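First up is the structure itself, then whatever we jot down about it.
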Amino acid sequence: MENTKIDFLKTYLSFYIDHNTVLAGQQQPDSDYVILDVRNAPAAIKKDQIKGAIAMPAKDLPQRLGELDATKTYVVYDWTAGTTLGKVALLALLGAGFKAYELSCALEGWKGMHLPIESL
Amino acid sequence: MENTKIDFLKTYLSFYIDHNTVLAGQQQPDSDYVILDVRNAPAAIKKDQIKGAIAMPAKDLPQRLGELDATKTYVVYDWTAGTTLGKVALLALLGAGFKAYELSCALEGWKGMHLPIESL
Amino acid sequence: MENTKIDFLKTYLSFYIDHNTVLAGQQQPDSDYVILDVRNAPAAIKKDQIKGAIAMPAKDLPQRLGELDATKTYVVYDWTAGTTLGKVALLALLGAGFKAYELSCALEGWKGMHLPIESL
């Protein structure tokens with residue numbers, strides 16, 4: 001059972017990237033990271049987003065894969081940790097061969113740490 | 001590893017149903033969906049719930065399976081996404097042969113989208 | 001598929017302990033439970049914690065395993081349910097042979113139930 005638990009945790013954690021790694025990557029001259037806001041909510045409810053993110057709702061992502069660049073690493077986020085849209089987006093992205101991670105702690109954690117956001 | 005990740009995501013996502021699907025189903029004349037509020041908290045803390053939900057705390061669910069209808073599809077929710085009571089409830093329901101899903105984004109997401117709730 | 005889902009749920013839930021179990025254990029004369037606050041945020045952002053918790057950020061935990069007592073059961077928590085630091089900490093603790101669980105519903109759920117906290 002312990003090996004099953006360890007394997008489960010390793011797989012679970014392999015989906016995530018933390019904000020420090022994303023921020024450090026973005027400060028490189030030619031950053032590999034592209035942040036996708038995969039929330040399905042209308043703009044009136046979203047109000048703000050992570051600075052520089054591209055809005056690509058999870059419900060539209062499978063039809064918009066042609067807009068993406070296979071040399072980049074995509075970082076997706078939803079409202080809060082533990083929701084499902086990030087994983088819906090990861091399934092579409094990883095299934096199509098893209099490099100992709102879900103942002104640990106989501107938008108809520110990013111804002112809680114006072115990291116850069118922008119109004120919509 | 002990529003196949004392990006894809007399989008993990010598919011299994012993870014198979015537990016969930018989104019609010020649009022539930023709302024559309026509820027508008028059918030003889031809806032299959034029954035929403036169960038599986039929060040264990042006392043009513044004084046709960047204050048409100050999804051409109052039409054049946055309160056069936058996760059801690060009581062194993063003893064109350066006899067009240068359920070095997071022809072229905074149960075949709076369970078807890079306070080927020082990523083908590084454990086929805087999965088405790090799913091384990092009891094699926095293990096007993098019921099059709100059941102956890103509501104994506106939980107009560108917090110439902111309220112964030114301004115969907116119908118009722119006071120307790 | 002149903003067996004895969006049941007196994008997944010059992011493994012997922014095996015990582016968690018609920019607050020009632022922790023509180024009951026703490027009232028024993030020689031409690032086995034030690035609560036670790038594994039949030040990485042600086043104290044200025046953390047503001048408060050679960051009463052009696054030991055601050056051991058997930059990023060420092062692998063280097064601090066020598067401070068732990070193999071006869072105890074560690075209960076880790078992060079800000080909210082569904083975040084990743086609790087599972088980062090569990091991977092370090094379980095991988096090193098310690099008994100460890102993540103607190104269901106995290107700090108948010110503990111505070112929502114008005115359980116004991118202390119200022120930082």
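So you can find residues: chains in the structure tokens are A, B, ... in the order shown, residues in each start at 1, and ligands are numbered from 1 in order.
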Hey, could you make a per-residue contact list for chain B against chain C with 7 Å as the cut-off, showing the nearest pair of atoms and its distance in Å to one decimal, counting only C-alpha atoms, sorted by chain and number, as CSV?
```
residue,atom,partner,partner_atom,distance
B:Thr11,CA,C:Lys5,CA,6.5
B:Ala81,CA,C:Gly82,CA,6.8
B:Gly82,CA,C:Gly82,CA,3.9
B:Thr83,CA,C:Ala81,CA,5.1
B:Thr84,CA,C:Ser104,CA,6.2
B:Lys87,CA,C:Leu9,CA,6.6
B:Leu91,CA,C:Ile6,CA,6.4
B:Gly95,CA,C:Ile6,CA,6.9
```
What does chain C look like after a least-squares fit onto chain A on every Cα paired in order, written as a CSV table (one decimal) with C-alpha atoms, in the first residue's frame?
```csv
chain,number,residue,atom,x,y,z
C,1,MET,CA,0.0,0.0,0.0
C,2,GLU,CA,2.8,2.4,0.8
C,3,ASN,CA,4.3,2.0,-2.7
C,4,THR,CA,0.9,2.6,-4.2
C,5,LYS,CA,0.6,5.8,-2.2
C,6,ILE,CA,4.1,7.0,-3.1
C,7,ASP,CA,3.4,6.3,-6.8
C,8,PHE,CA,0.0,8.1,-6.6
C,9,LEU,CA,1.6,11.2,-5.0
C,10,LYS,CA,4.4,11.3,-7.6
C,11,THR,CA,1.9,11.1,-10.5
C,12,TYR,CA,-0.3,13.7,-8.8
C,13,LEU,CA,2.5,16.1,-8.2
C,14,SER,CA,3.9,15.7,-11.7
C,15,PHE,CA,1.0,17.7,-13.1
C,16,TYR,CA,1.9,20.9,-11.1
C,17,ILE,CA,4.3,23.8,-11.4
C,18,ASP,CA,4.8,26.3,-8.6
C,19,HIS,CA,4.6,30.1,-9.0
C,20,ASN,CA,8.3,30.6,-8.2
C,21,THR,CA,9.3,28.4,-11.1
C,22,VAL,CA,7.0,30.2,-13.4
C,23,LEU,CA,8.1,33.7,-12.3
C,24,ALA,CA,11.8,32.8,-12.6
C,25,GLY,CA,11.2,31.4,-16.1
C,26,GLN,CA,9.3,34.5,-17.2
C,27,GLN,CA,12.3,36.6,-16.3
C,28,GLN,CA,14.4,34.8,-18.9
C,29,PRO,CA,14.9,36.7,-22.2
C,30,ASP,CA,13.0,34.0,-24.2
C,31,SER,CA,10.7,32.4,-21.7
C,32,ASP,CA,9.4,29.0,-22.4
C,33,TYR,CA,6.3,29.5,-20.2
C,34,VAL,CA,2.9,30.7,-21.6
C,35,ILE,CA,0.1,31.0,-19.0
C,36,LEU,CA,-3.4,30.0,-20.1
C,37,ASP,CA,-6.4,31.1,-18.1
C,38,VAL,CA,-8.7,28.2,-18.6
C,39,ARG,CA,-11.7,29.5,-16.6
C,40,ASN,CA,-15.0,29.1,-18.4
C,41,ALA,CA,-16.7,31.9,-16.6
C,42,PRO,CA,-17.8,35.1,-18.6
C,43,ALA,CA,-15.5,38.1,-18.3
C,44,ALA,CA,-18.1,39.9,-16.1
C,45,ILE,CA,-17.4,37.3,-13.4
C,46,LYS,CA,-13.7,36.9,-14.0
C,47,LYS,CA,-12.8,40.6,-13.4
C,48,ASP,CA,-9.0,40.0,-13.3
C,49,GLN,CA,-6.4,37.5,-14.4
C,50,ILE,CA,-2.7,36.6,-14.0
C,51,LYS,CA,-0.6,39.3,-15.7
C,52,GLY,CA,0.1,38.3,-19.3
C,53,ALA,CA,-2.2,35.2,-19.3
C,54,ILE,CA,-4.0,34.2,-22.5
C,55,ALA,CA,-7.7,33.5,-22.0
C,56,MET,CA,-8.4,30.1,-23.3
C,57,PRO,CA,-11.5,28.6,-21.6
C,58,ALA,CA,-11.2,24.8,-21.0
C,59,LYS,CA,-14.4,24.3,-23.0
C,60,ASP,CA,-12.8,25.9,-26.1
C,61,LEU,CA,-9.3,24.5,-25.7
C,62,PRO,CA,-9.7,21.2,-27.8
C,63,GLN,CA,-10.8,23.4,-30.8
C,64,ARG,CA,-8.0,25.9,-30.3
C,65,LEU,CA,-4.9,23.6,-30.1
C,66,GLY,CA,-3.9,24.9,-33.5
C,67,GLU,CA,-3.1,28.3,-32.0
C,68,LEU,CA,-0.5,26.8,-29.6
C,69,ASP,CA,3.3,26.5,-30.1
C,70,ALA,CA,4.7,23.1,-29.5
C,71,THR,CA,8.0,24.6,-28.4
C,72,LYS,CA,6.4,26.3,-25.4
C,73,THR,CA,5.4,25.0,-22.0
C,74,TYR,CA,1.9,25.8,-21.1
C,75,VAL,CA,0.8,26.7,-17.5
C,76,VAL,CA,-2.9,26.5,-16.9
C,77,TYR,CA,-4.9,27.8,-14.0
C,78,ASP,CA,-8.5,27.9,-12.7
C,79,TRP,CA,-10.0,29.9,-9.8
C,80,THR,CA,-8.9,27.8,-6.9
C,81,ALA,CA,-6.9,24.7,-6.2
C,82,GLY,CA,-8.7,21.4,-6.5
C,83,THR,CA,-11.1,22.4,-9.2
C,84,THR,CA,-11.3,20.4,-12.4
C,85,LEU,CA,-10.8,22.8,-15.4
C,86,GLY,CA,-7.1,22.7,-15.0
C,87,LYS,CA,-7.1,19.0,-15.4
C,88,VAL,CA,-9.6,19.1,-18.3
C,89,ALA,CA,-7.1,21.4,-20.0
C,90,LEU,CA,-4.1,19.3,-19.1
C,91,LEU,CA,-5.8,16.2,-20.6
C,92,ALA,CA,-6.4,18.1,-23.9
C,93,LEU,CA,-2.8,19.5,-23.9
C,94,LEU,CA,-0.9,16.4,-22.8
C,95,GLY,CA,-3.0,14.2,-25.0
C,96,ALA,CA,-2.0,16.3,-28.0
C,97,GLY,CA,1.7,16.1,-27.1
C,98,PHE,CA,2.1,19.6,-25.6
C,99,LYS,CA,4.2,20.3,-22.5
C,100,ALA,CA,1.8,21.5,-19.9
C,101,TYR,CA,1.4,22.0,-16.1
C,102,GLU,CA,-1.3,23.2,-13.8
C,103,LEU,CA,-0.3,26.2,-11.6
C,104,SER,CA,-0.2,25.1,-7.9
C,105,CYS,CA,-2.7,27.0,-5.8
C,106,ALA,CA,-4.4,28.5,-8.9
C,107,LEU,CA,-5.4,32.1,-9.2
C,108,GLU,CA,-6.4,32.3,-5.5
C,109,GLY,CA,-2.9,31.3,-4.4
C,110,TRP,CA,-1.3,33.7,-6.9
C,111,LYS,CA,-3.3,36.6,-5.6
C,112,GLY,CA,-2.8,35.5,-2.0
C,113,MET,CA,1.0,35.9,-2.5
C,114,HIS,CA,0.4,39.4,-4.1
C,115,LEU,CA,1.9,38.4,-7.5
C,116,PRO,CA,1.2,40.4,-10.6
C,117,ILE,CA,-2.4,40.4,-12.0
C,118,GLU,CA,-4.2,42.6,-14.4
C,119,SER,CA,-7.9,43.8,-14.7
C,120,LEU,CA,-10.2,42.4,-17.4
```
